[in-house]
$ cat coords_1.cif   # mmCIF, C-alpha atoms and all ligand atoms
data_final
#
loop_
_atom_site.label_atom_id
_atom_site.label_comp_id
_atom_site.auth_asym_id
_atom_site.auth_seq_id
_atom_site.Cartn_x
_atom_site.Cartn_y
_atom_site.Cartn_z
CA MET O 1 68.79 97.23 5.22
CA PRO O 2 66.55 99.13 7.69
CA ALA O 3 64.40 96.97 9.96
CA TYR O 4 60.92 96.34 8.61
CA THR O 5 58.12 98.21 10.33
CA PRO O 6 54.83 96.35 9.89
CA PRO O 7 51.59 98.34 9.51
CA PRO O 8 49.59 99.13 12.66
CA LEU O 9 47.04 96.61 13.86
CA PRO O 10 43.54 97.28 12.45
CA SER O 11 42.09 97.81 15.95
CA ASP O 12 42.90 97.12 19.59
CA ASP O 13 40.95 93.86 19.48
CA LYS O 14 43.30 91.40 21.20
CA ARG O 15 42.93 88.89 18.41
CA TRP O 16 45.03 91.07 16.09
CA LYS O 17 47.91 90.59 18.50
CA ILE O 18 47.59 86.86 18.01
CA VAL O 19 47.61 87.31 14.23
CA ASN O 20 50.56 89.66 14.44
CA GLY O 21 52.37 87.19 16.70
CA THR O 22 52.24 84.56 13.97
CA MET O 23 53.72 86.99 11.45
CA ARG O 24 56.37 88.27 13.84
CA LYS O 25 57.44 84.73 14.72
CA ASN O 26 58.05 84.21 11.01
CA GLY O 27 59.93 87.49 10.59
CA TYR O 28 57.05 88.86 8.45
CA ALA O 29 58.26 86.56 5.68
CA ARG O 30 55.97 85.80 2.76
CA HIS O 31 56.00 82.11 3.45
CA ALA O 32 53.96 82.82 6.60
CA LEU O 33 50.91 83.69 4.47
CA ILE O 34 48.94 80.47 4.92
CA GLU O 35 49.83 80.08 8.58
CA THR O 36 48.80 83.69 9.24
CA LEU O 37 45.51 83.33 7.40
CA HIS O 38 44.90 80.21 9.49
CA THR O 39 45.46 82.29 12.61
CA VAL O 40 42.94 84.88 11.41
CA GLN O 41 40.44 82.11 10.69
CA SER O 42 40.87 80.40 14.05
CA SER O 43 40.83 83.68 16.00
CA PHE O 44 37.93 85.41 14.27
CA GLY O 45 36.09 82.42 12.84
CA TYR O 46 36.30 83.80 9.29
CA LEU O 47 38.25 86.18 7.08
CA ASP O 48 36.95 89.42 5.67
CA ASP O 49 38.38 91.92 3.23
CA ASP O 50 40.01 94.00 5.96
CA SER O 51 41.81 91.07 7.55
CA ILE O 52 43.01 89.71 4.20
CA ARG O 53 44.31 93.15 3.24
CA PHE O 54 46.04 93.56 6.58
CA VAL O 55 47.84 90.22 6.28
CA ALA O 56 48.80 90.84 2.64
CA ARG O 57 50.15 94.30 3.46
CA SER O 58 52.04 93.09 6.54
CA LEU O 59 53.69 90.23 4.67
CA ARG O 60 54.12 92.28 1.49
CA VAL O 61 52.36 89.80 -0.73
CA PRO O 62 49.99 90.85 -3.54
CA LEU O 63 46.38 91.03 -2.39
CA SER O 64 45.42 88.73 -5.26
CA GLN O 65 47.74 86.06 -3.88
CA ALA O 66 46.19 86.29 -0.42
CA TYR O 67 42.68 86.05 -1.90
CA GLY O 68 43.86 83.18 -4.07
CA VAL O 69 44.87 81.20 -0.99
CA VAL O 70 41.65 81.98 0.88
CA THR O 71 39.41 80.93 -1.98
CA PHE O 72 41.47 77.85 -2.86
CA TYR O 73 41.35 76.11 0.52
CA HIS O 74 37.94 75.02 1.78
CA TYR O 75 39.16 75.45 5.32
CA PHE O 76 38.92 79.23 5.00
CA SER O 77 35.58 80.90 5.39
CA LEU O 78 34.56 84.32 4.10
CA LYS O 79 31.21 84.07 5.88
CA PRO O 80 30.47 86.79 8.40
CA PRO O 81 30.62 85.56 11.98
CA GLY O 82 27.88 85.79 14.55
CA LYS O 83 27.04 88.98 16.36
CA HIS O 84 29.16 87.65 19.24
CA THR O 85 32.30 85.53 19.23
CA MET O 86 33.53 83.21 21.95
CA THR O 87 37.18 82.34 21.29
CA ILE O 88 38.60 79.63 23.51
CA CYS O 89 42.37 79.30 23.78
CA SER O 90 43.50 75.77 23.05
CA GLY O 91 47.22 76.41 23.52
CA THR O 92 49.16 74.00 25.74
CA ALA O 93 48.92 75.95 29.01
CA CYS O 94 45.19 76.46 28.59
CA TYR O 95 44.65 72.91 27.43
CA ILE O 96 46.29 71.62 30.62
CA LYS O 97 43.86 73.78 32.58
CA GLY O 98 40.93 72.16 30.80
CA THR O 99 39.95 74.31 27.83
CA ASP O 100 39.11 71.13 25.95
CA LYS O 101 36.24 70.75 28.41
CA LEU O 102 35.21 74.37 27.90
CA ILE O 103 35.15 73.84 24.14
CA ALA O 104 33.06 70.67 24.52
CA ALA O 105 30.63 72.45 26.87
CA ALA O 106 30.28 75.44 24.53
CA GLU O 107 29.71 73.16 21.54
CA LEU O 108 27.04 71.29 23.45
CA ARG O 109 25.31 74.45 24.67
CA LEU O 110 25.31 76.10 21.24
CA GLY O 111 24.72 72.95 19.18
CA ILE O 112 27.58 73.82 16.83
CA HIS O 113 31.23 72.86 16.37
CA GLN O 114 34.16 75.17 16.88
CA GLY O 115 34.65 77.37 13.82
CA GLU O 116 30.88 77.61 13.31
CA THR O 117 28.15 80.15 13.97
CA THR O 118 24.71 79.46 15.45
CA LYS O 119 21.91 79.32 12.86
CA ASP O 120 20.42 82.57 14.09
CA GLY O 121 23.78 84.25 13.41
CA ASN O 122 24.10 85.27 17.04
CA ILE O 123 27.19 83.46 18.33
CA SER O 124 30.37 82.16 16.68
CA LEU O 125 32.58 79.69 18.49
CA THR O 126 36.27 79.76 17.62
CA THR O 127 39.56 78.61 19.11
CA ALA O 128 42.99 80.19 19.19
CA ARG O 129 46.38 78.55 19.66
CA CYS O 130 47.83 80.76 22.38
CA VAL O 131 46.78 84.29 23.12
CA GLY O 132 49.92 85.08 25.10
CA ALA O 133 48.33 85.11 28.55
CA CYS O 134 49.28 81.60 29.67
CA GLY O 135 49.66 82.71 33.31
CA ARG O 136 45.90 83.32 33.36
CA ALA O 137 44.92 79.96 31.87
CA PRO O 138 42.32 78.86 31.01
CA VAL O 139 41.79 81.88 28.80
CA VAL O 140 38.75 82.80 26.74
CA LEU O 141 38.10 85.89 24.62
CA THR O 142 34.52 87.10 24.76
CA ASP O 143 34.04 89.42 21.79
CA GLY O 144 37.79 89.98 21.84
CA GLU O 145 37.87 90.74 25.57
CA LEU O 146 40.37 88.53 27.41
CA VAL O 147 38.99 86.66 30.43
CA GLY O 148 41.41 84.57 32.49
CA GLN O 149 40.69 81.67 34.86
CA MET O 150 37.45 81.08 33.01
CA THR O 151 35.18 78.52 34.59
CA GLN O 152 32.63 76.47 32.72
CA ALA O 153 29.77 78.04 34.69
CA GLN O 154 31.02 81.54 33.91
CA MET O 155 31.36 80.77 30.22
CA ILE O 156 27.89 79.23 29.97
CA GLU O 157 26.48 82.24 31.80
CA GLN O 158 28.04 84.52 29.16
CA LEU O 159 26.60 82.41 26.36
CA GLU O 160 23.16 82.58 28.02
CA ARG O 161 23.42 86.36 28.27
CA TRP O 162 24.23 86.64 24.57
CA ALA O 163 21.46 84.22 23.66
CA VAL O 164 18.74 86.50 25.06
CA GLU O 165 20.11 89.74 23.61
S1 LIG Y 201 48.07 78.69 26.01
FE1 LIG Y 201 46.32 79.90 26.36
S2 LIG Y 201 47.16 81.83 26.65
FE2 LIG Y 201 48.89 80.63 26.20
#

$ encode --input "coords_1.cif" --output "structure tokens" --more "lines below"
Ligand code: FES
Amino acid sequence: MPAYTPPPLPSDDKRWKIVNGTMRKNGYARHALIETLHTVQSSFGYLDDDSIRFVARSLRVPLSQAYGVVTFYHYFSLKPPGKHTMTICSGTACYIKGTDKLIAAAELRLGIHQGETTKDGNISLTTARCVGACGRAPVVLTDGELVGQMTQAQMIEQLERWAVE
């Protein structure tokens, strides 16, 4: 049987690489559906039609099945995210370098929990398991842009910049 060639990533946003990594690790097998949708949720903060379609197509599952999973579990959100998204890597390497403190500081500054969006719809705070840049830990994605060796001061500064936009 010829090797399976998955569809191209929807865009060059780094978070798609994380999503694709989950599927690749599972050999693009159908049983990876829930885990992959979880990865989309934790990377982007929500799922939209495009991401659900991409996952369904990549894993070759019917779109109705993918939607069925998303609407069945309360964990999944179809709500649009904020204008900006701060995604903090909580993988082991980043955790050791203190991303738990970054997450706590961001939650405090924004007054929301990870996976949520500020009331004004401006900023979503999400976490990812490992974005594949462990050598640059702690890693944060600001609107999909990877920033390594992120300090708390730098992260708060970014949040402040977004807050006044
Ligand atoms: S654990 Fe954060 S990039 Fe790997």

$ closest_residue --input "coords_1.cif" --among "O:Gly82, O:Pro10, O:Gly27, O:Gly135" --to "ligand LIG 201 (chain Y)" --atoms "only C-alpha atoms and all ligand atoms"
O:Gly135

$ atom_distance --input "coords_1.cif" --atom1 "atom CA of O:His31" --atom2 "atom CA of O:Phe72"
16.4 Å

$ residues_around --input "coords_1.cif" --residues "O:Gly98" --least-positions-apart "2" --cutoff "12 Å" --atoms "all atoms listed in the file" --output "VMD selection string"
chain O and resid 88 to 96 100 to 105 137 to 140 149 to 152

$ write_last_selection --input "coords_1.cif" --atoms "C-alpha atoms" --output "compact mmCIF listing (two decimals), keeping the file's coordinate frame"
# COMPACT_ATOMS: atom_id res chain seq x y z
CA ILE O 88 38.60 79.63 23.51
CA CYS O 89 42.37 79.30 23.78
CA SER O 90 43.50 75.77 23.05
CA GLY O 91 47.22 76.41 23.52
CA THR O 92 49.16 74.00 25.74
CA ALA O 93 48.92 75.95 29.01
CA CYS O 94 45.19 76.46 28.59
CA TYR O 95 44.65 72.91 27.43
CA ILE O 96 46.29 71.62 30.62
CA ASP O 100 39.11 71.13 25.95
CA LYS O 101 36.24 70.75 28.41
CA LEU O 102 35.21 74.37 27.90
CA ILE O 103 35.15 73.84 24.14
CA ALA O 104 33.06 70.67 24.52
CA ALA O 105 30.63 72.45 26.87
CA ALA O 137 44.92 79.96 31.87
CA PRO O 138 42.32 78.86 31.01
CA VAL O 139 41.79 81.88 28.80
CA VAL O 140 38.75 82.80 26.74
CA GLN O 149 40.69 81.67 34.86
CA MET O 150 37.45 81.08 33.01
CA THR O 151 35.18 78.52 34.59
CA GLN O 152 32.63 76.47 32.72

$ axis_aligned_box --input "coords_1.cif" --around "ligand LIG 201 (chain Y)" --padding-each-side "5 Å" --output "lines of an AutoDock Vina configuration file"
center_x = 47.6
center_y = 80.3
center_z = 26.3
size_x = 12.6
size_y = 13.1
size_z = 10.6

$ closest_residue --input "coords_1.cif" --among "O:Arg161, O:His113, O:His84, O:His74" --to "O:Leu141" --atoms "all atoms listed in the file"
O:His84

$ residues_around --input "coords_1.cif" --residues "O:Thr36" --least-positions-apart "2" --cutoff "12 Å" --atoms "only C-alpha atoms" --output "ChimeraX atom specification"
/O:16-34,38-43,47,51-52,54-56,58-59,66,69-70,76,129

$ write_last_selection --input "coords_1.cif" --atoms "C-alpha atoms" --output "PDB file, in the coordinates of the input"
ATOM      1  CA  TRP O  16      45.030  91.070  16.090  1.00  0.00           C
ATOM      2  CA  LYS O  17      47.910  90.590  18.500  1.00  0.00           C
ATOM      3  CA  ILE O  18      47.590  86.860  18.010  1.00  0.00           C
ATOM      4  CA  VAL O  19      47.610  87.310  14.230  1.00  0.00           C
ATOM      5  CA  ASN O  20      50.560  89.660  14.440  1.00  0.00           C
ATOM      6  CA  GLY O  21      52.370  87.190  16.700  1.00  0.00           C
ATOM      7  CA  THR O  22      52.240  84.560  13.970  1.00  0.00           C
ATOM      8  CA  MET O  23      53.720  86.990  11.450  1.00  0.00           C
ATOM      9  CA  ARG O  24      56.370  88.270  13.840  1.00  0.00           C
ATOM     10  CA  LYS O  25      57.440  84.730  14.720  1.00  0.00           C
ATOM     11  CA  ASN O  26      58.050  84.210  11.010  1.00  0.00           C
ATOM     12  CA  GLY O  27      59.930  87.490  10.590  1.00  0.00           C
ATOM     13  CA  TYR O  28      57.050  88.860   8.450  1.00  0.00           C
ATOM     14  CA  ALA O  29      58.260  86.560   5.680  1.00  0.00           C
ATOM     15  CA  ARG O  30      55.970  85.800   2.760  1.00  0.00           C
ATOM     16  CA  HIS O  31      56.000  82.110   3.450  1.00  0.00           C
ATOM     17  CA  ALA O  32      53.960  82.820   6.600  1.00  0.00           C
ATOM     18  CA  LEU O  33      50.910  83.690   4.470  1.00  0.00           C
ATOM     19  CA  ILE O  34      48.940  80.470   4.920  1.00  0.00           C
ATOM     20  CA  HIS O  38      44.900  80.210   9.490  1.00  0.00           C
ATOM     21  CA  THR O  39      45.460  82.290  12.610  1.00  0.00           C
ATOM     22  CA  VAL O  40      42.940  84.880  11.410  1.00  0.00           C
ATOM     23  CA  GLN O  41      40.440  82.110  10.690  1.00  0.00           C
ATOM     24  CA  SER O  42      40.870  80.400  14.050  1.00  0.00           C
ATOM     25  CA  SER O  43      40.830  83.680  16.000  1.00  0.00           C
ATOM     26  CA  LEU O  47      38.250  86.180   7.080  1.00  0.00           C
ATOM     27  CA  SER O  51      41.810  91.070   7.550  1.00  0.00           C
ATOM     28  CA  ILE O  52      43.010  89.710   4.200  1.00  0.00           C
ATOM     29  CA  PHE O  54      46.040  93.560   6.580  1.00  0.00           C
ATOM     30  CA  VAL O  55      47.840  90.220   6.280  1.00  0.00           C
ATOM     31  CA  ALA O  56      48.800  90.840   2.640  1.00  0.00           C
ATOM     32  CA  SER O  58      52.040  93.090   6.540  1.00  0.00           C
ATOM     33  CA  LEU O  59      53.690  90.230   4.670  1.00  0.00           C
ATOM     34  CA  ALA O  66      46.190  86.290  -0.420  1.00  0.00           C
ATOM     35  CA  VAL O  69      44.870  81.200  -0.990  1.00  0.00           C
ATOM     36  CA  VAL O  70      41.650  81.980   0.880  1.00  0.00           C
ATOM     37  CA  PHE O  76      38.920  79.230   5.000  1.00  0.00           C
ATOM     38  CA  ARG O 129      46.380  78.550  19.660  1.00  0.00           C
TER      39      ARG O 129
END

$ closest_residue --input "coords_1.cif" --among "O:Thr118, O:Cys134, O:Arg15, O:Ile123" --to "ligand LIG 201 (chain Y)" --atoms "all atoms listed in the file"
O:Cys134

$ closest_residue --input "coords_1.cif" --among "O:Gln114, O:Thr142, O:Thr99, O:Ser124" --to "ligand LIG 201 (chain Y)" --atoms "all atoms listed in the file"
O:Thr99

$ atom_distance --input "coords_1.cif" --atom1 "atom CA of O:Leu9" --atom2 "atom CA of O:Thr117"
25.1 Å

$ atom_distance --input "coords_1.cif" --atom1 "atom CA of O:Glu145" --atom2 "atom CA of O:Glu35"
23.4 Å

$ closest_residue --input "coords_1.cif" --among "O:Ala128, O:Ser77, O:Arg109, O:Arg53" --to "ligand LIG 201 (chain Y)" --atoms "all atoms listed in the file"
O:Ala128

$ residues_around --input "coords_1.cif" --residues "O:Trp162" --least-positions-apart "4" --cutoff "10 Å" --atoms "all atoms listed in the file" --output "list in words"
Lys83, His84, Thr85, Asn122, Ile123, Ile156, Glu157 and Gln158 of chain O

$ closest_residue --input "coords_1.cif" --among "O:Leu110, O:Ala3, O:Leu63, O:Leu37" --to "O:Ala163" --atoms "only C-alpha atoms"
O:Leu110

$ decode --input "coords_1.cif" --residues "stretch 11-161 of chain O" --atoms "C-alpha atoms" --output "short mmCIF file (atom, residue, chain, number, x, y, z; two decimals), in the first residue's frame"
data_model
loop_
_atom_site.label_atom_id
_atom_site.label_comp_id
_atom_site.auth_asym_id
_atom_site.auth_seq_id
_atom_site.Cartn_x
_atom_site.Cartn_y
_atom_site.Cartn_z
CA SER O 11 -1.66 27.84 7.10
CA ASP O 12 1.90 28.36 8.32
CA ASP O 13 0.66 29.15 11.83
CA LYS O 14 2.97 27.07 14.04
CA ARG O 15 0.06 25.64 15.96
CA TRP O 16 -0.93 23.48 12.97
CA LYS O 17 2.42 21.75 13.33
CA ILE O 18 1.49 20.83 16.86
CA VAL O 19 -1.85 19.47 15.67
CA ASN O 20 -0.19 17.59 12.85
CA GLY O 21 2.38 16.20 15.30
CA THR O 22 -0.39 14.54 17.30
CA MET O 23 -1.79 12.92 14.16
CA ARG O 24 1.61 11.86 12.86
CA LYS O 25 2.52 10.30 16.21
CA ASN O 26 -0.61 8.18 15.84
CA GLY O 27 0.13 7.25 12.23
CA TYR O 28 -2.90 9.33 11.09
CA ALA O 29 -5.09 6.57 12.49
CA ARG O 30 -8.77 7.25 13.10
CA HIS O 31 -8.49 6.49 16.77
CA ALA O 32 -6.45 9.70 17.14
CA LEU O 33 -9.58 11.79 16.52
CA ILE O 34 -10.33 12.83 20.10
CA GLU O 35 -6.69 13.37 21.01
CA THR O 36 -6.19 15.50 17.91
CA LEU O 37 -9.28 17.59 18.56
CA HIS O 38 -7.95 18.10 22.09
CA THR O 39 -4.71 19.37 20.61
CA VAL O 40 -6.62 21.83 18.41
CA GLN O 41 -8.59 23.00 21.44
CA SER O 42 -5.55 23.46 23.66
CA SER O 43 -3.50 25.14 20.91
CA PHE O 44 -6.12 27.50 19.50
CA GLY O 45 -8.48 27.75 22.46
CA TYR O 46 -11.45 26.56 20.39
CA LEU O 47 -12.39 24.63 17.27
CA ASP O 48 -13.89 26.11 14.15
CA ASP O 49 -15.25 24.58 10.98
CA ASP O 50 -11.89 24.77 9.19
CA SER O 51 -9.98 23.00 11.94
CA ILE O 52 -12.61 20.28 12.33
CA ARG O 53 -12.59 19.69 8.58
CA PHE O 54 -8.81 19.57 8.48
CA VAL O 55 -8.64 16.97 11.25
CA ALA O 56 -11.44 14.88 9.74
CA ARG O 57 -9.80 14.94 6.31
CA SER O 58 -6.34 14.15 7.69
CA LEU O 59 -7.59 11.20 9.72
CA ARG O 60 -10.07 10.14 7.03
CA VAL O 61 -13.06 10.15 9.33
CA PRO O 62 -16.49 11.43 8.25
CA LEU O 63 -16.98 15.11 9.05
CA SER O 64 -20.20 14.22 10.88
CA GLN O 65 -18.22 11.99 13.23
CA ALA O 66 -15.74 14.76 14.03
CA TYR O 67 -18.59 17.21 14.68
CA GLY O 68 -20.31 14.55 16.75
CA VAL O 69 -17.30 14.32 19.06
CA VAL O 70 -16.91 18.09 19.35
CA THR O 71 -20.55 18.67 20.25
CA PHE O 72 -20.75 15.68 22.60
CA TYR O 73 -17.92 16.63 24.96
CA HIS O 74 -18.35 19.83 26.96
CA TYR O 75 -14.60 20.24 27.00
CA PHE O 76 -14.63 21.36 23.37
CA SER O 77 -15.54 24.90 22.54
CA LEU O 78 -16.81 26.23 19.22
CA LYS O 79 -16.66 29.79 20.50
CA PRO O 80 -14.45 32.17 18.55
CA PRO O 81 -11.29 33.09 20.41
CA GLY O 82 -10.11 36.56 21.28
CA LYS O 83 -8.54 38.87 18.75
CA HIS O 84 -5.17 37.75 20.16
CA THR O 85 -4.04 34.41 21.54
CA MET O 86 -1.29 33.76 24.06
CA THR O 87 -0.42 30.05 24.00
CA ILE O 88 1.92 28.93 26.75
CA CYS O 89 3.73 25.62 26.34
CA SER O 90 3.23 23.38 29.34
CA GLY O 91 5.30 20.46 28.05
CA THR O 92 7.89 18.96 30.40
CA ALA O 93 10.92 20.97 29.23
CA CYS O 94 9.00 24.23 29.43
CA TYR O 95 7.38 23.29 32.72
CA ILE O 96 10.83 22.73 34.25
CA LYS O 97 11.76 26.23 33.08
CA GLY O 98 8.77 27.68 34.87
CA THR O 99 5.88 27.97 32.43
CA ASP O 100 3.52 27.12 35.27
CA LYS O 101 4.48 30.50 36.72
CA LEU O 102 3.93 32.19 33.36
CA ILE O 103 0.47 30.63 33.13
CA ALA O 104 -0.38 31.77 36.67
CA ALA O 105 0.87 35.30 35.94
CA ALA O 106 -1.10 35.51 32.68
CA GLU O 107 -4.25 34.24 34.39
CA LEU O 108 -3.84 36.82 37.11
CA ARG O 109 -3.18 39.67 34.69
CA LEU O 110 -6.11 38.79 32.43
CA GLY O 111 -8.52 37.67 35.15
CA ILE O 112 -9.33 34.46 33.25
CA HIS O 113 -8.28 30.81 33.33
CA GLN O 114 -6.36 29.05 30.61
CA GLY O 115 -8.69 28.03 27.80
CA GLU O 116 -10.74 31.22 28.25
CA THR O 117 -11.06 34.57 26.50
CA THR O 118 -11.26 37.98 28.17
CA LYS O 119 -14.79 39.41 28.37
CA ASP O 120 -14.01 42.08 25.81
CA GLY O 121 -13.03 39.31 23.37
CA ASN O 122 -9.53 40.72 23.05
CA ILE O 123 -7.22 38.00 24.41
CA SER O 124 -7.48 34.21 24.66
CA LEU O 125 -5.15 32.30 26.93
CA THR O 126 -4.36 28.72 25.92
CA THR O 127 -1.73 26.10 26.65
CA ALA O 128 -0.04 23.53 24.44
CA ARG O 129 1.67 20.28 25.41
CA CYS O 130 4.95 20.66 23.52
CA VAL O 131 5.50 22.83 20.51
CA GLY O 132 8.70 21.05 19.50
CA ALA O 133 11.12 23.80 20.49
CA CYS O 134 12.20 22.44 23.88
CA GLY O 135 15.74 23.81 23.46
CA ARG O 136 14.25 27.31 23.66
CA ALA O 137 12.16 26.69 26.79
CA PRO O 138 10.19 28.35 28.21
CA VAL O 139 8.26 28.78 24.98
CA VAL O 140 5.19 30.91 24.32
CA LEU O 141 3.31 31.49 21.08
CA THR O 142 2.03 35.03 20.68
CA ASP O 143 -0.63 34.93 17.97
CA GLY O 144 1.07 31.79 16.66
CA GLU O 145 4.53 33.38 16.67
CA LEU O 146 7.03 31.29 18.63
CA VAL O 147 8.99 33.16 21.31
CA GLY O 148 11.68 31.27 23.22
CA GLN O 149 13.23 32.04 26.62
CA MET O 150 10.12 34.02 27.48
CA THR O 151 10.33 35.94 30.73
CA GLN O 152 7.37 36.91 32.85
CA ALA O 153 8.08 40.61 32.32
CA GLN O 154 8.24 40.16 28.55
CA MET O 155 4.99 38.21 28.49
CA ILE O 156 3.14 40.75 30.63
CA GLU O 157 4.47 43.53 28.40
CA GLN O 158 2.98 41.74 25.38
CA LEU O 159 -0.36 41.35 27.13
CA GLU O 160 -0.31 45.07 28.01
CA ARG O 161 0.39 45.96 24.38
#
